[in-house]
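Q: If you scroll down you'll find the structure; I have some questions about it.
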Amino acid sequence: MCGIVGYIGHRDAYPIIIKGLQRLEYRGYDSAGIVLFDGEDTQLSKTKGKVEDLKDKSKATISTKGKLGLGHTRWATHGVPNGVNSHPHYSNSGNLVIIHNGIIENYESIKKALVERGYTFESDTDTEVLINLIEEVKEKEGVKLGKAVQIALNQVIGAYAIAVFDKSKPDEIVVAKLGSPLAIGIGENEYFIASDASPFIEFTNNAVYLEDEEMAIVRLGKEIKLRKIKDDAIAYPNIQELQLNIEEIEKGGYDHFMLKEIYEQPRAILDTYRGRLLANQGIIRMAGIDQNLEKFLNANRIIIVACGTSWHAGLVAEYIFEDLARIPVEVEYASEFRYRNPVITENDVLIAISQSGETADTLAAIKMAKERGAFVFGVCNVVGSSIARETHAGAYTHAGPEIGVASTKAFTTQITVLTLIALKLAKEKGEFTDSKFHELLTQLEGIPAKVEKTLQSNVLIEQIADVYKDSTNCLYLGRGYNFPVALEGALKLKEISYIHAEGYPAAEMKHGPIALIDDQMPVIVIATRKGHYEKVVSNIQEIKSRHGKIIAVVFEGDETVTQLADHIIEVPETSETLSPLLTTIPLQLLSYHIALMRGCNVDQPRNLAKSVTVE
Ligand code: AGP
């Protein structure tokens, strides 16, 4: 986690770094820091809290001049969030300065050795250890900064994206990457460094994404030089033209990114199937699948790995793949999968789902599956992300940047991509008739308009939120395709409103959770008229007999559940397969409003970060 930003060029670095840090706050936001260098002196400002706090502190305490700067927004791993542990960190001499995103796993043994050799430490961080190791190497070996960074990194175990400068070299920043993302924006006689391209998108469209185990010397007036950290081999920078635009990463009139992103879903789903779903011609075109069709068709099984919301999308996909394409699917938490010595064969296809494309556990699961011979396919949102590059093939969700920590449009666009894949494979396998295939394609084409209609329930949902905003617990129930939606609804509520919530398959309620039900317990039930409707109705009866409060998400025109429930939220009717794309929307809005009414920071909930780049 953590976001890093750097600048070297002809402009004042301060506003670029501060704005950049604000754009990267989704990566961590418990403390922040900035260092500015005017060629002679450095100015350092660090604080616990948000970038806004850093801005206030910096204005009051330091000179904001300097054409070179580094900034950091932190999600604490080693050491509590406070000013001292915030980055940037100086080396003991005060000559070298570092920012770091990642974890140095063997920092304790390195620190012990450095202490024995007279080094002292102010913070509890692994990062301060790394900068002093670099300093020691530089002095002992009599080498330049770039070489010292390289030698030091060959001694560390862990993950990093770092930017380091030396006060004796005012025109140079050294960067390196392993496991954490790092992009270099290339402007006219200026360079930008950041965890993703959002901090520099208004200045340049040209960027280089460092590969793992690569480092670069970023020197003014010189082209970027890339080297492999391990063997010093020269690597050639692949300069990419960025597609991102500035409007996409601003709030665009909404109070919060989460709300904006919820409302973007009709567009995001449409963009995700645009050019792929050709309903008129009865075709689904997906390059990543077309080119690897045999792998999918001959697969023993599909293993889906992901974390959090992406894992929920994987569960929906399990239902879709097995139901439509009749391919066995297993869905695994990446963090469990990678450590449990799973049986993986060359005939397995592993699908990794990740919005950010940077989730450490998912990335590690991919690497393991590749080593064991599986074909690995990625479903990612962030173009050029580590997972997108690490997989053999893939399909992007075209959701656009998701900044709110709570995943919303990522979930529905992931389901859209996975549905397209399942439909395509089902068709290729001859699992259903042309007319059924065509009907599902047409229904999928109609989803954006139905999401739009569902969003019109916002005011009603806000009223329901007002009734339940002070609840301490909440239960979410669904069956079949909508069981994962129940899990996702519960995750949304707990992560942004801090209300304890559980998602369950409705039938499992009797095996335990029913004991929790009383007149204080709101139970959100997804009860669409397709699938196991009658069974869900029975579950609702059981809740009602125990005086639980029922909020039901139903298809328009529902009569049975409408009579039983305390609150009804209607979504337009669609096929059972596609229903999660609609039923999930009210649950997102409900969480949003409840969190807002409880005074929670909706976009940046406590203790969380958008991309979990540490395990
Ligand atoms: C969901 O709202 C979360 N913020 C979180 O569970 C997220 O989905 C998870 O960390 C996985 O992230 P990824 O999709 O970027 O891999």
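Please note that chains go A, B, ... in the order of the structure tokens, that every chain numbers its residues from 1, and that ligands are numbered from 1 in the order shown.
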Got a sec to tell me which of region 64-266 of chain A DSSP assigns to strand (DSSP E), as a count of residues only?
A: 63
Q: Restrict the calculation to only C-alpha atoms and all ligand atoms, then for each residue of chain A with any atom at most 10 Å from an atom of ligand 1 give the closest atom pair and their distance in Å to one decimal, rows by chain and rising residue number, as CSV.
A:
```
residue,atom,partner,partner_atom_place_in_ligand_line,distance
A:Tyr26,CA,ligand 1,4 (N),9.8
A:Val305,CA,ligand 1,16 (O),9.6
A:Ala306,CA,ligand 1,16 (O),6.3
A:Cys307,CA,ligand 1,11 (C),4.5
A:Gly308,CA,ligand 1,6 (O),3.2
A:Thr309,CA,ligand 1,8 (O),3.7
A:Ser310,CA,ligand 1,14 (O),4.8
A:Trp311,CA,ligand 1,8 (O),7.3
A:His312,CA,ligand 1,8 (O),8.4
A:Ala313,CA,ligand 1,8 (O),9.3
A:Ala334,CA,ligand 1,16 (O),9.5
A:Ala352,CA,ligand 1,16 (O),8.7
A:Ile353,CA,ligand 1,14 (O),6.4
A:Ser354,CA,ligand 1,14 (O),3.5
A:Gln355,CA,ligand 1,14 (O),3.6
A:Ser356,CA,ligand 1,15 (O),3.6
A:Gly357,CA,ligand 1,15 (O),5.6
A:Glu358,CA,ligand 1,15 (O),6.2
A:Thr359,CA,ligand 1,16 (O),4.6
A:Ala360,CA,ligand 1,16 (O),8.1
A:Asp361,CA,ligand 1,16 (O),8.5
A:Thr362,CA,ligand 1,16 (O),6.8
A:Leu363,CA,ligand 1,16 (O),8.8
A:Val379,CA,ligand 1,14 (O),9.3
A:Cys380,CA,ligand 1,14 (O),7.6
A:Asn381,CA,ligand 1,15 (O),8.2
A:Val382,CA,ligand 1,15 (O),8.7
A:Ile387,CA,ligand 1,16 (O),9.1
A:Glu402,CA,ligand 1,15 (O),9.5
A:Ile403,CA,ligand 1,4 (N),10.0
A:Gly404,CA,ligand 1,4 (N),8.1
A:Val405,CA,ligand 1,4 (N),4.9
A:Ala406,CA,ligand 1,2 (O),3.4
A:Ser407,CA,ligand 1,2 (O),3.8
A:Thr408,CA,ligand 1,2 (O),6.9
A:Ala410,CA,ligand 1,14 (O),7.4
A:Phe411,CA,ligand 1,8 (O),8.0
A:Gln414,CA,ligand 1,14 (O),9.3
A:Glu488,CA,ligand 1,2 (O),8.2
A:Gly489,CA,ligand 1,2 (O),9.7
A:Leu491,CA,ligand 1,2 (O),6.9
A:Lys492,CA,ligand 1,2 (O),6.0
A:Leu493,CA,ligand 1,2 (O),9.4
A:Lys494,CA,ligand 1,2 (O),9.7
A:Glu495,CA,ligand 1,2 (O),7.1
A:Ile496,CA,ligand 1,2 (O),8.6
A:Gln588,CA,ligand 1,2 (O),9.9
A:Asp603,CA,ligand 1,4 (N),10.0
A:Gln604,CA,ligand 1,4 (N),9.8
A:Pro605,CA,ligand 1,4 (N),9.4
A:Leu608,CA,ligand 1,4 (N),7.4
A:Ala609,CA,ligand 1,4 (N),7.1
A:Lys610,CA,ligand 1,4 (N),5.6
A:Ser611,CA,ligand 1,15 (O),5.3
A:Val612,CA,ligand 1,10 (O),5.6
A:Thr613,CA,ligand 1,10 (O),8.9
```
Q: Where does region 402-494 of chain A meet region 563-587 of chain A within 7 Å, residue by residue, with the nearest atom pair and distance in Å to one decimal for each, counting only C-alpha atoms, listed by chain and rising number, as a Markdown table?
A:
```
| residue | atom | partner | partner_atom | distance |
| --- | --- | --- | --- | --- |
| A:Thr412 | CA | A:Leu581 | CA | 5.7 |
| A:Gln443 | CA | A:Thr574 | CA | 6.9 |
| A:Lys450 | CA | A:Pro572 | CA | 6.0 |
| A:Val451 | CA | A:Leu582 | CA | 5.9 |
| A:Thr454 | CA | A:Val571 | CA | 5.4 |
| A:Tyr481 | CA | A:Thr577 | CA | 6.6 |
| A:Asn482 | CA | A:Pro580 | CA | 5.9 |
| A:Val485 | CA | A:Thr584 | CA | 5.9 |
| A:Gly489 | CA | A:Leu587 | CA | 5.3 |
```
Q: Take the selection from the previous step and output its residues with N, CA and C atoms, as a PDB file, in the first residue's frame.
A:
```pdb
ATOM      1  N   THR A 412     -19.403  -4.785 -10.637  1.00  0.00           N
ATOM      2  CA  THR A 412     -20.375  -5.052 -11.706  1.00  0.00           C
ATOM      3  C   THR A 412     -19.678  -5.235 -13.066  1.00  0.00           C
ATOM      4  N   GLN A 443     -30.430  -9.561 -23.315  1.00  0.00           N
ATOM      5  CA  GLN A 443     -30.679  -9.157 -21.918  1.00  0.00           C
ATOM      6  C   GLN A 443     -29.475  -8.410 -21.343  1.00  0.00           C
ATOM      7  N   LYS A 450     -31.238  -0.762 -17.253  1.00  0.00           N
ATOM      8  CA  LYS A 450     -31.896  -1.256 -16.027  1.00  0.00           C
ATOM      9  C   LYS A 450     -31.148  -0.798 -14.775  1.00  0.00           C
ATOM     10  N   VAL A 451     -29.841  -0.685 -14.880  1.00  0.00           N
ATOM     11  CA  VAL A 451     -29.073  -0.151 -13.740  1.00  0.00           C
ATOM     12  C   VAL A 451     -29.483   1.304 -13.538  1.00  0.00           C
ATOM     13  N   THR A 454     -32.641   1.383 -11.766  1.00  0.00           N
ATOM     14  CA  THR A 454     -32.457   1.000 -10.355  1.00  0.00           C
ATOM     15  C   THR A 454     -31.941   2.180  -9.541  1.00  0.00           C
ATOM     16  N   TYR A 481     -27.393 -17.275  -7.446  1.00  0.00           N
ATOM     17  CA  TYR A 481     -26.607 -16.167  -7.990  1.00  0.00           C
ATOM     18  C   TYR A 481     -26.544 -14.978  -7.035  1.00  0.00           C
ATOM     19  N   ASN A 482     -27.522 -14.873  -6.174  1.00  0.00           N
ATOM     20  CA  ASN A 482     -27.556 -13.704  -5.292  1.00  0.00           C
ATOM     21  C   ASN A 482     -26.993 -13.958  -3.894  1.00  0.00           C
ATOM     22  N   VAL A 485     -23.985 -11.812  -3.817  1.00  0.00           N
ATOM     23  CA  VAL A 485     -24.425 -10.412  -3.699  1.00  0.00           C
ATOM     24  C   VAL A 485     -24.683 -10.077  -2.223  1.00  0.00           C
ATOM     25  N   GLY A 489     -22.921  -7.177  -0.255  1.00  0.00           N
ATOM     26  CA  GLY A 489     -23.681  -6.136   0.447  1.00  0.00           C
ATOM     27  C   GLY A 489     -23.174  -5.966   1.873  1.00  0.00           C
TER      28      GLY A 489
END
```
Q: Among region 341-407 of chain A, which residues does DSSP mark as alpha helix (DSSP H) when it is run on the backbone? Keep the chain and numbering as in the structure and answer as a PyMOL selection string.
A: chain A and resi 360-371+386-390
Q: Find the residues around region 537-551 of chain A up to 7 Å (only C-alpha atoms counted), leave out those fewer than 6 positions away in its own chain, and share them as a count of residues only.
A: 16
Q: Can you pull out the residues contacting Val383 (chain A)? Cut-off 10 Å, using only C-alpha atoms, and skip same-chain residues under 3 positions away; I want them as a list in words.
A: Leu242, Gln243, Leu244, Gln355, Ser356, Gly357, Cys380, Ser386, Ile387, Ala388, Arg389, Ala395, Tyr396, Thr397, His398, Gly400 and Pro401 of chain A
Q: Could you check how far CA of Lys225 (chain A) sits from CA of Ala183 (chain A), in Å to one decimal?
A: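 That distance, rounded to one decimal, is 13.8 Å.
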Q: Give me the residues near region 33-45 of chain A as an NGL selection string, where near means some atom within 7 Å (using only C-alpha atoms) and where sequence neighbours in that chain fewer than 6 positions away do not count.
A: :A and (54 or 58 or 62-73 or 86-88 or 170)
Q: Using only C-alpha atoms, which residues sit within 9 Å of region 232-235 of chain A once same-chain residues fewer than 6 positions away are excluded, as a list of chain:residue names?
A: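 Those residues are A:Gln150, A:Glu214, A:Lys225, A:Leu226.
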Q: Would you export the selected residues with N, CA and C atoms as a PDB file, in the first residue's frame, please?
A:
```pdb
ATOM      1  N   GLN A 150      21.491  -0.254  -5.956  1.00  0.00           N
ATOM      2  CA  GLN A 150      21.448  -1.597  -6.545  1.00  0.00           C
ATOM      3  C   GLN A 150      22.066  -2.647  -5.609  1.00  0.00           C
ATOM      4  N   GLU A 214      13.565  -3.923 -11.643  1.00  0.00           N
ATOM      5  CA  GLU A 214      14.204  -2.906 -12.484  1.00  0.00           C
ATOM      6  C   GLU A 214      14.442  -1.654 -11.654  1.00  0.00           C
ATOM      7  N   LYS A 225      17.527   5.785 -17.929  1.00  0.00           N
ATOM      8  CA  LYS A 225      18.343   4.569 -18.076  1.00  0.00           C
ATOM      9  C   LYS A 225      17.770   3.504 -17.158  1.00  0.00           C
ATOM     10  N   LEU A 226      17.417   2.377 -17.716  1.00  0.00           N
ATOM     11  CA  LEU A 226      16.874   1.281 -16.892  1.00  0.00           C
ATOM     12  C   LEU A 226      17.915   0.175 -16.740  1.00  0.00           C
TER      13      LEU A 226
END
```
Q: A:Thr562, A:Thr127, A:Asn82, A:Thr77: which is nearest Glu615 (chain A), counting only C-alpha atoms?
A: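 Smallest distance to Glu615 (chain A) is found for A:Thr77.
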Q: Please indicate the distance in Å from CA of Ser168 (chain A) to CA of Ile17 (chain A), rounded to one decimal place.
A: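 Going from CA of Ser168 (chain A) over to CA of Ile17 (chain A), I get 21.6 Å.
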Q: Near region 206-211 of chain A, counting only C-alpha atoms, which residues have an atom at most 7 Å away, once you skip same-chain residues fewer than 2 positions from it, shown as a list in words?
A: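 That gives Lys177, Leu182, Ala183, Ile184, Gly185, Ile186, Thr204, Glu213, Glu214, Pro237, Asn238, Ile239, Gln240, Glu241 and Leu242 of chain A.
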Q: Given only C-alpha atoms as the basis, pick out the residue of A:Ile284, A:Ala465, A:Ala449, A:Ala527 nearest to Leu596 (chain A).
A: A:Ala465
Q: Report the distance between CA of Asp171 (chain A) and CA of Leu220 (chain A) in Å, rounded to one decimal place.
A: 5.5 Å
